[in-house]
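Coordinates as given in work_11.txt (compact mmCIF, C-alpha atoms and all ligand atoms):
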```txt
# COMPACT_ATOMS: atom_id res chain seq x y z
CA MET U 1 90.38 116.74 44.37
CA ALA U 2 90.07 113.23 45.76
CA HIS U 3 92.18 113.82 48.86
CA ALA U 4 89.99 116.76 49.90
CA ASP U 5 87.23 114.29 50.83
CA THR U 6 89.46 112.27 53.12
CA THR U 7 90.61 113.09 56.63
CA ARG U 8 93.77 112.21 58.49
CA VAL U 9 91.93 112.36 61.79
CA GLN U 10 91.40 108.87 63.16
CA THR U 11 87.67 108.44 63.64
CA VAL U 12 87.76 105.22 65.68
CA ILE U 13 90.24 103.44 67.89
CA GLY U 14 90.46 99.67 67.68
CA ASP U 15 92.98 96.89 67.76
CA PRO U 16 93.04 95.34 64.27
CA VAL U 17 94.40 92.09 65.73
CA SER U 18 91.97 91.55 68.62
CA GLY U 19 88.88 92.25 66.56
CA GLY U 20 87.36 94.12 69.53
CA ALA U 21 84.69 96.69 68.74
CA PRO U 22 86.24 100.03 67.73
CA VAL U 23 85.47 103.06 69.88
CA PRO U 24 83.89 106.02 68.05
CA ARG U 25 85.88 109.23 68.13
CA ALA U 26 82.91 111.02 69.70
CA LYS U 27 83.18 108.66 72.68
CA LEU U 28 86.92 109.37 73.03
CA GLU U 29 86.17 113.11 73.00
CA GLU U 30 83.43 112.66 75.61
CA ILE U 31 85.80 110.75 77.91
CA PHE U 32 88.56 113.34 77.59
CA ALA U 33 86.06 116.18 78.12
CA ASP U 34 84.95 114.50 81.36
CA ILE U 35 88.54 114.26 82.61
CA GLN U 36 89.36 117.82 81.56
CA SER U 37 86.20 119.39 82.97
CA ASP U 38 87.02 118.30 86.51
CA LEU U 39 87.87 121.30 88.71
CA ARG U 40 91.14 119.67 89.76
CA TYR U 41 92.43 119.21 86.21
CA ASP U 42 93.93 122.67 85.75
CA HIS U 43 95.59 122.52 89.16
CA GLU U 44 97.18 119.19 88.42
CA LEU U 45 98.43 119.77 84.91
CA ASN U 46 100.46 122.90 84.20
CA GLY U 47 102.61 121.69 81.33
CA CYS U 48 105.11 118.90 80.91
CA LEU U 49 108.82 118.94 80.14
CA ASN U 50 108.79 115.20 79.43
CA CYS U 51 111.76 115.06 81.82
CA GLY U 52 110.77 111.74 83.40
CA ILE U 53 111.51 112.75 87.01
CA CYS U 54 108.05 111.50 87.98
CA THR U 55 108.71 108.09 86.46
CA ALA U 56 112.18 107.87 87.98
CA THR U 57 110.71 108.30 91.48
CA CYS U 58 107.52 106.28 90.95
CA PRO U 59 107.41 102.97 92.85
CA ALA U 60 104.77 101.53 90.51
CA ALA U 61 106.95 102.24 87.46
CA HIS U 62 109.62 100.11 89.09
CA TYR U 63 107.41 97.01 89.03
CA TYR U 64 104.93 97.48 86.17
CA ASP U 65 104.83 98.50 82.54
CA PHE U 66 103.66 101.93 83.69
CA SER U 67 105.00 105.46 83.47
CA PRO U 68 103.40 108.61 84.94
CA ARG U 69 105.44 110.65 82.42
CA GLU U 70 103.68 108.80 79.61
CA ILE U 71 100.23 109.38 81.15
CA VAL U 72 100.89 113.11 81.64
CA GLN U 73 102.18 113.42 78.07
CA LEU U 74 99.02 111.75 76.73
CA LEU U 75 96.88 114.30 78.56
CA TRP U 76 99.12 117.28 77.74
CA THR U 77 99.16 116.45 74.01
CA GLU U 78 95.46 115.50 74.10
CA ASN U 79 96.15 112.10 72.60
CA LEU U 80 92.60 110.77 72.85
CA GLU U 81 93.36 107.27 71.61
CA GLY U 82 96.31 106.94 73.98
CA ILE U 83 94.28 108.23 76.93
CA TYR U 84 91.55 105.67 76.26
CA ASP U 85 94.13 102.93 75.86
CA ALA U 86 95.87 103.83 79.16
CA MET U 87 92.50 103.68 80.93
CA GLN U 88 92.13 100.02 79.97
CA GLU U 89 94.98 98.90 82.24
CA LYS U 90 97.89 101.25 82.97
CA ILE U 91 96.13 103.77 85.20
CA TRP U 92 95.30 101.01 87.70
CA ALA U 93 99.00 100.38 88.41
CA CYS U 94 99.40 103.68 90.30
CA ALA U 95 99.74 103.33 94.08
CA GLN U 96 98.47 106.90 94.70
CA CYS U 97 101.52 107.70 96.82
CA TYR U 98 101.98 111.17 95.19
CA THR U 99 105.78 111.01 95.19
CA CYS U 100 105.51 112.25 91.59
CA ALA U 101 103.58 115.35 92.68
CA ALA U 102 106.26 116.21 95.22
CA ARG U 103 109.01 115.97 92.58
CA CYS U 104 107.58 117.40 89.36
CA PRO U 105 109.37 120.66 88.45
CA PHE U 106 106.18 121.89 86.76
CA GLY U 107 104.06 121.38 89.86
CA ASN U 108 101.99 118.70 88.16
CA SER U 109 100.33 115.90 90.04
CA PRO U 110 100.51 112.82 87.82
CA GLY U 111 98.94 110.74 90.61
CA GLY U 112 96.08 113.24 90.87
CA LEU U 113 95.52 113.16 87.10
CA ILE U 114 95.44 109.38 87.24
CA MET U 115 92.79 109.60 89.94
CA LEU U 116 90.66 111.73 87.59
CA MET U 117 91.11 109.15 84.84
CA ARG U 118 90.06 106.38 87.24
CA GLU U 119 86.95 108.27 88.29
CA THR U 120 86.11 108.79 84.63
CA ALA U 121 86.66 105.08 83.91
CA ILE U 122 84.13 104.29 86.65
CA LYS U 123 81.70 106.89 85.35
CA HIS U 124 81.89 105.34 81.87
CA GLN U 125 81.50 101.83 83.30
CA MET U 126 84.69 100.60 81.67
CA GLU U 127 85.44 96.90 82.07
CA SER U 128 88.85 97.77 83.53
CA ALA U 129 87.15 99.63 86.41
CA LYS U 130 84.71 96.77 87.03
CA ASN U 131 87.54 94.23 87.09
CA VAL U 132 89.68 96.27 89.47
CA LEU U 133 86.84 97.03 91.89
CA ARG U 134 85.23 93.56 91.93
CA PRO U 135 87.46 92.13 94.72
CA PHE U 136 86.70 95.18 96.86
CA SER U 137 82.93 94.73 97.09
CA ARG U 138 83.08 93.97 100.84
CA VAL U 139 85.19 97.06 101.41
CA MET U 140 82.78 99.19 99.37
CA LEU U 141 79.79 97.72 101.22
CA LYS U 142 81.22 98.77 104.59
CA LEU U 143 82.47 102.11 103.34
CA ILE U 144 79.20 103.15 101.76
CA SER U 145 76.89 101.74 104.44
CA THR U 146 78.86 102.98 107.48
CA GLY U 147 81.31 105.57 106.15
CA ASN U 148 84.19 103.51 107.60
CA GLN U 149 85.97 100.36 106.59
CA LEU U 150 88.87 99.67 108.93
CA SER U 151 89.43 100.36 112.61
CA PRO U 152 92.64 99.64 114.56
CA ASP U 153 91.17 96.77 116.56
CA MET U 154 90.69 94.87 113.30
CA ILE U 155 94.43 94.75 112.74
CA ASN U 156 94.92 91.46 114.54
CA LYS U 157 95.42 87.82 113.62
CA ASP U 158 91.69 87.01 113.70
CA HIS U 159 90.77 89.52 111.03
CA PHE U 160 93.92 89.09 108.94
CA ALA U 161 94.87 85.45 109.30
CA ASP U 162 96.64 85.57 105.95
CA TRP U 163 99.19 88.06 107.34
CA GLY U 164 100.75 85.23 109.36
CA PRO U 165 102.33 85.36 112.84
CA ASN U 166 104.06 88.71 112.14
CA ILE U 167 100.73 90.48 112.56
CA SER U 168 101.44 90.50 116.31
CA LYS U 169 104.29 92.96 115.66
CA VAL U 170 101.87 95.66 114.52
CA ASP U 171 98.91 94.64 116.64
CA ALA U 172 99.50 96.13 120.11
CA PRO U 173 101.48 99.27 119.17
CA LEU U 174 98.90 100.30 116.57
CA LYS U 175 96.05 100.26 119.07
CA LEU U 176 98.11 102.33 121.44
CA LEU U 177 99.23 104.80 118.79
CA ARG U 178 95.72 105.19 117.47
CA LYS U 179 94.51 106.23 120.91
CA ALA U 180 96.82 109.22 120.67
CA ILE U 181 95.02 110.39 117.53
CA PRO U 182 91.95 112.48 118.34
CA MET U 183 89.39 110.37 116.48
CA PRO U 184 87.95 108.19 119.24
CA THR U 185 84.95 107.13 117.16
CA LEU U 186 87.25 105.22 114.84
CA ASN U 187 89.07 103.29 117.54
CA THR U 188 87.04 100.08 117.44
CA THR U 189 84.78 98.30 115.00
CA ALA U 190 81.94 98.74 117.48
CA THR U 191 82.22 102.53 117.35
CA ALA U 192 83.31 102.78 113.71
CA TRP U 193 80.57 100.55 112.30
CA GLU U 194 77.68 101.37 114.59
CA VAL U 195 76.95 104.71 113.07
CA ASN U 196 74.30 107.00 114.55
CA LEU U 197 71.03 106.70 112.59
CA LYS U 198 70.81 110.38 111.68
CA THR U 199 74.45 110.37 110.52
CA SER U 200 73.79 107.31 108.37
CA VAL U 201 70.80 108.91 106.68
CA GLU U 202 72.79 112.09 106.02
CA LEU U 203 75.66 110.02 104.64
CA TYR U 204 73.30 108.26 102.21
CA THR U 205 72.01 111.63 101.02
CA ILE U 206 75.61 112.66 100.29
CA TRP U 207 76.23 109.45 98.29
CA GLU U 208 73.09 110.15 96.27
CA MET U 209 73.67 113.86 95.67
CA THR U 210 77.30 113.41 94.66
CA GLY U 211 76.50 110.64 92.17
CA VAL U 212 78.42 107.93 94.06
CA LEU U 213 75.42 105.59 94.10
CA LYS U 214 74.71 106.10 90.42
CA GLN U 215 78.31 105.20 89.62
CA LEU U 216 78.09 102.14 91.84
CA GLU U 217 74.96 101.01 90.01
CA GLY U 218 76.90 101.20 86.77
CA ILE U 219 79.81 99.06 87.91
CA ASP U 220 78.20 96.57 90.34
CA GLU U 221 74.43 96.26 90.22
CA ASN U 222 74.22 93.50 92.87
CA LEU U 223 76.19 95.54 95.39
CA PHE U 224 74.04 98.56 94.54
CA ASP U 225 70.88 96.53 95.35
CA VAL U 226 72.29 95.35 98.69
CA ILE U 227 73.32 98.87 99.68
CA THR U 228 70.03 100.47 98.65
CA ASP U 229 68.18 97.84 100.76
CA ILE U 230 70.32 98.82 103.78
CA MET U 231 69.67 102.49 103.07
CA ASP U 232 65.90 101.99 102.77
CA GLU U 233 65.83 100.10 106.04
CA LYS U 234 67.79 102.78 107.91
CA ARG U 235 65.63 105.54 106.44
CA GLU U 236 62.52 103.71 107.62
CA ASP U 237 64.09 103.35 111.10
CA TRP U 238 64.84 107.06 111.10
CA LYS U 239 61.25 107.93 110.13
CA ASP U 240 59.93 105.64 112.88
CA PHE U 241 62.27 107.27 115.37
CA LEU U 242 61.05 110.75 114.42
CA ALA U 243 57.43 109.62 114.62
CA GLU U 244 58.03 108.15 118.10
CA GLN U 245 59.65 111.39 119.22
CA ALA U 246 56.72 113.44 117.92
CA GLU U 247 54.26 111.09 119.63
CA ALA U 248 56.14 111.31 122.94
CA LYS U 249 56.05 115.10 122.71
CA ASN U 250 52.30 115.13 122.21
CA ASP U 251 51.63 112.81 125.16
S1 LIG T 301 104.91 115.39 84.78
FE1 LIG T 301 106.52 116.70 85.62
S2 LIG T 301 108.12 115.26 86.30
FE2 LIG T 301 106.78 114.14 84.92
S3 LIG T 301 107.72 114.29 82.91
FE3 LIG T 301 106.25 115.98 83.06
S4 LIG T 301 107.40 117.73 83.85
FE4 LIG T 301 108.66 115.89 84.22
S1 LIG T 302 101.14 108.65 92.76
FE1 LIG T 302 101.14 106.96 91.26
S2 LIG T 302 102.22 107.81 89.51
FE2 LIG T 302 102.73 109.10 91.26
S3 LIG T 302 104.64 108.26 92.11
FE3 LIG T 302 102.95 107.32 93.24
S4 LIG T 302 102.50 105.41 92.14
FE4 LIG T 302 103.73 106.69 90.75
```

Written as structure tokens, how would this file's structure read?
Amino acid sequence: MAHADTTRVQTVIGDPVSGGAPVPRAKLEEIFADIQSDLRYDHELNGCLNCGICTATCPAAHYYDFSPREIVQLLWTENLEGIYDAMQEKIWACAQCYTCAARCPFGNSPGGLIMLMRETAIKHQMESAKNVLRPFSRVMLKLISTGNQLSPDMINKDHFADWGPNISKVDAPLKLLRKAIPMPTLNTTATAWEVNLKTSVELYTIWEMTGVLKQLEGIDENLFDVITDIMDEKREDWKDFLAEQAEAKND
């Protein structure tokens, strides 16, 4: 019979109006498999009542066309087209505050699931991920090259001129409060950014082994080049240091 040769399964997803290239179903399956295979997935999705408590308490849902309930339902029902579609814009509206996780009667973590979708968007080099991360290249440069981005002494009017005169209200108390927290190495930019050579080299090994650098190469090649230059230089410095130590021992 004629209908036996046809399938009701949608093989591609595409917007007939935009004329954008359709996405093959195999790609949608690959993306979902990547999200689902993460160790955290089964901890963060236990079922969904579609009750909407997460959306009712979500600050991002208040301001954007975004609903954690909708995202969780897409994952729970394995709606591959909808998941791909949400990864183009909606998932980037989440503030990662995890209010939803605290409230869900099923013990789900919609914010955590969104994090997995974001990581997968980066892994698949989606344009949405590139666009969202582009303004943060300076932050990523500091984070990846030193392991730190912000220290309390940076929260002042010189570093954040755009915060206006009210910055002084948080300036002094923050420095004081931070001193009470037992992480002295993060107290100033001098200590936070001048990372011990051995620690730096170990940090770069972690970025490489965990695939962070490979993902960075996929979303921002220029930044990747700058960071790998810094890494090469520090590794050379480390080798020189070890050689000097060995020489001094032999003398
Ligand atoms: S994720 Fe939880 S809170 Fe949100 S709709 Fe589903 S069951 Fe309700
Ligand atoms: S973690 Fe994201 S989805 Fe959950 S309440 Fe916060 S902003 Fe909303």

Report, as JSON, the centre and edge lengths in Å (one decimal) of the axis-aligned box enclosing every listed atom of segment 129-142 of chain U, padded by 8 Å on each side.
```
{"center_x": 84.7, "center_y": 95.9, "center_z": 95.5, "size_x": 25.9, "size_y": 23.5, "size_z": 34.2}
```

Near-ligand residues for ligand LIG 302 (chain T), threshold 10 Å, all atoms listed in the file, as a compact mmCIF listing (two decimals) with C-alpha atoms, in the coordinates of the input:
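Dumped to result-v3.txt:
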```txt
# COMPACT_ATOMS: atom_id res chain seq x y z
CA ILE U 53 111.51 112.75 87.01
CA CYS U 54 108.05 111.50 87.98
CA THR U 55 108.71 108.09 86.46
CA ALA U 56 112.18 107.87 87.98
CA THR U 57 110.71 108.30 91.48
CA CYS U 58 107.52 106.28 90.95
CA PRO U 59 107.41 102.97 92.85
CA ALA U 60 104.77 101.53 90.51
CA ALA U 61 106.95 102.24 87.46
CA HIS U 62 109.62 100.11 89.09
CA PHE U 66 103.66 101.93 83.69
CA SER U 67 105.00 105.46 83.47
CA PRO U 68 103.40 108.61 84.94
CA ARG U 69 105.44 110.65 82.42
CA ILE U 71 100.23 109.38 81.15
CA VAL U 72 100.89 113.11 81.64
CA ILE U 91 96.13 103.77 85.20
CA TRP U 92 95.30 101.01 87.70
CA ALA U 93 99.00 100.38 88.41
CA CYS U 94 99.40 103.68 90.30
CA ALA U 95 99.74 103.33 94.08
CA GLN U 96 98.47 106.90 94.70
CA CYS U 97 101.52 107.70 96.82
CA TYR U 98 101.98 111.17 95.19
CA THR U 99 105.78 111.01 95.19
CA CYS U 100 105.51 112.25 91.59
CA ALA U 101 103.58 115.35 92.68
CA ALA U 102 106.26 116.21 95.22
CA ARG U 103 109.01 115.97 92.58
CA CYS U 104 107.58 117.40 89.36
CA SER U 109 100.33 115.90 90.04
CA PRO U 110 100.51 112.82 87.82
CA GLY U 111 98.94 110.74 90.61
CA GLY U 112 96.08 113.24 90.87
CA LEU U 113 95.52 113.16 87.10
CA ILE U 114 95.44 109.38 87.24
CA MET U 115 92.79 109.60 89.94
```

Å distance separating atom CA of Ile219 of chain U from atom CA of Pro135 of chain U, one decimal place: 12.4 Å

Mind listing as a short mmCIF file (atom, residue, chain, number, x, y, z; two decimals) with C-alpha atoms, in the coordinates of the input all residues within 10 Å of (97.0, 118.9, 81.0), counting all atoms listed in the file?
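File part_13.cif, as written:
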```cif
data_model
loop_
_atom_site.label_atom_id
_atom_site.label_comp_id
_atom_site.auth_asym_id
_atom_site.auth_seq_id
_atom_site.Cartn_x
_atom_site.Cartn_y
_atom_site.Cartn_z
CA ILE U 35 88.54 114.26 82.61
CA GLN U 36 89.36 117.82 81.56
CA TYR U 41 92.43 119.21 86.21
CA ASP U 42 93.93 122.67 85.75
CA HIS U 43 95.59 122.52 89.16
CA GLU U 44 97.18 119.19 88.42
CA LEU U 45 98.43 119.77 84.91
CA ASN U 46 100.46 122.90 84.20
CA GLY U 47 102.61 121.69 81.33
CA CYS U 48 105.11 118.90 80.91
CA VAL U 72 100.89 113.11 81.64
CA GLN U 73 102.18 113.42 78.07
CA LEU U 74 99.02 111.75 76.73
CA LEU U 75 96.88 114.30 78.56
CA TRP U 76 99.12 117.28 77.74
CA THR U 77 99.16 116.45 74.01
CA GLU U 78 95.46 115.50 74.10
CA ASN U 108 101.99 118.70 88.16
CA PRO U 110 100.51 112.82 87.82
CA LEU U 113 95.52 113.16 87.10
#
```

Which residues come within 8 Å of Ser145 of chain U, counting only C-alpha atoms, excluding same-chain residues fewer than 2 positions away, as a PyMOL selection string? chain U and resi 141-143+147+200+204+227+230-231
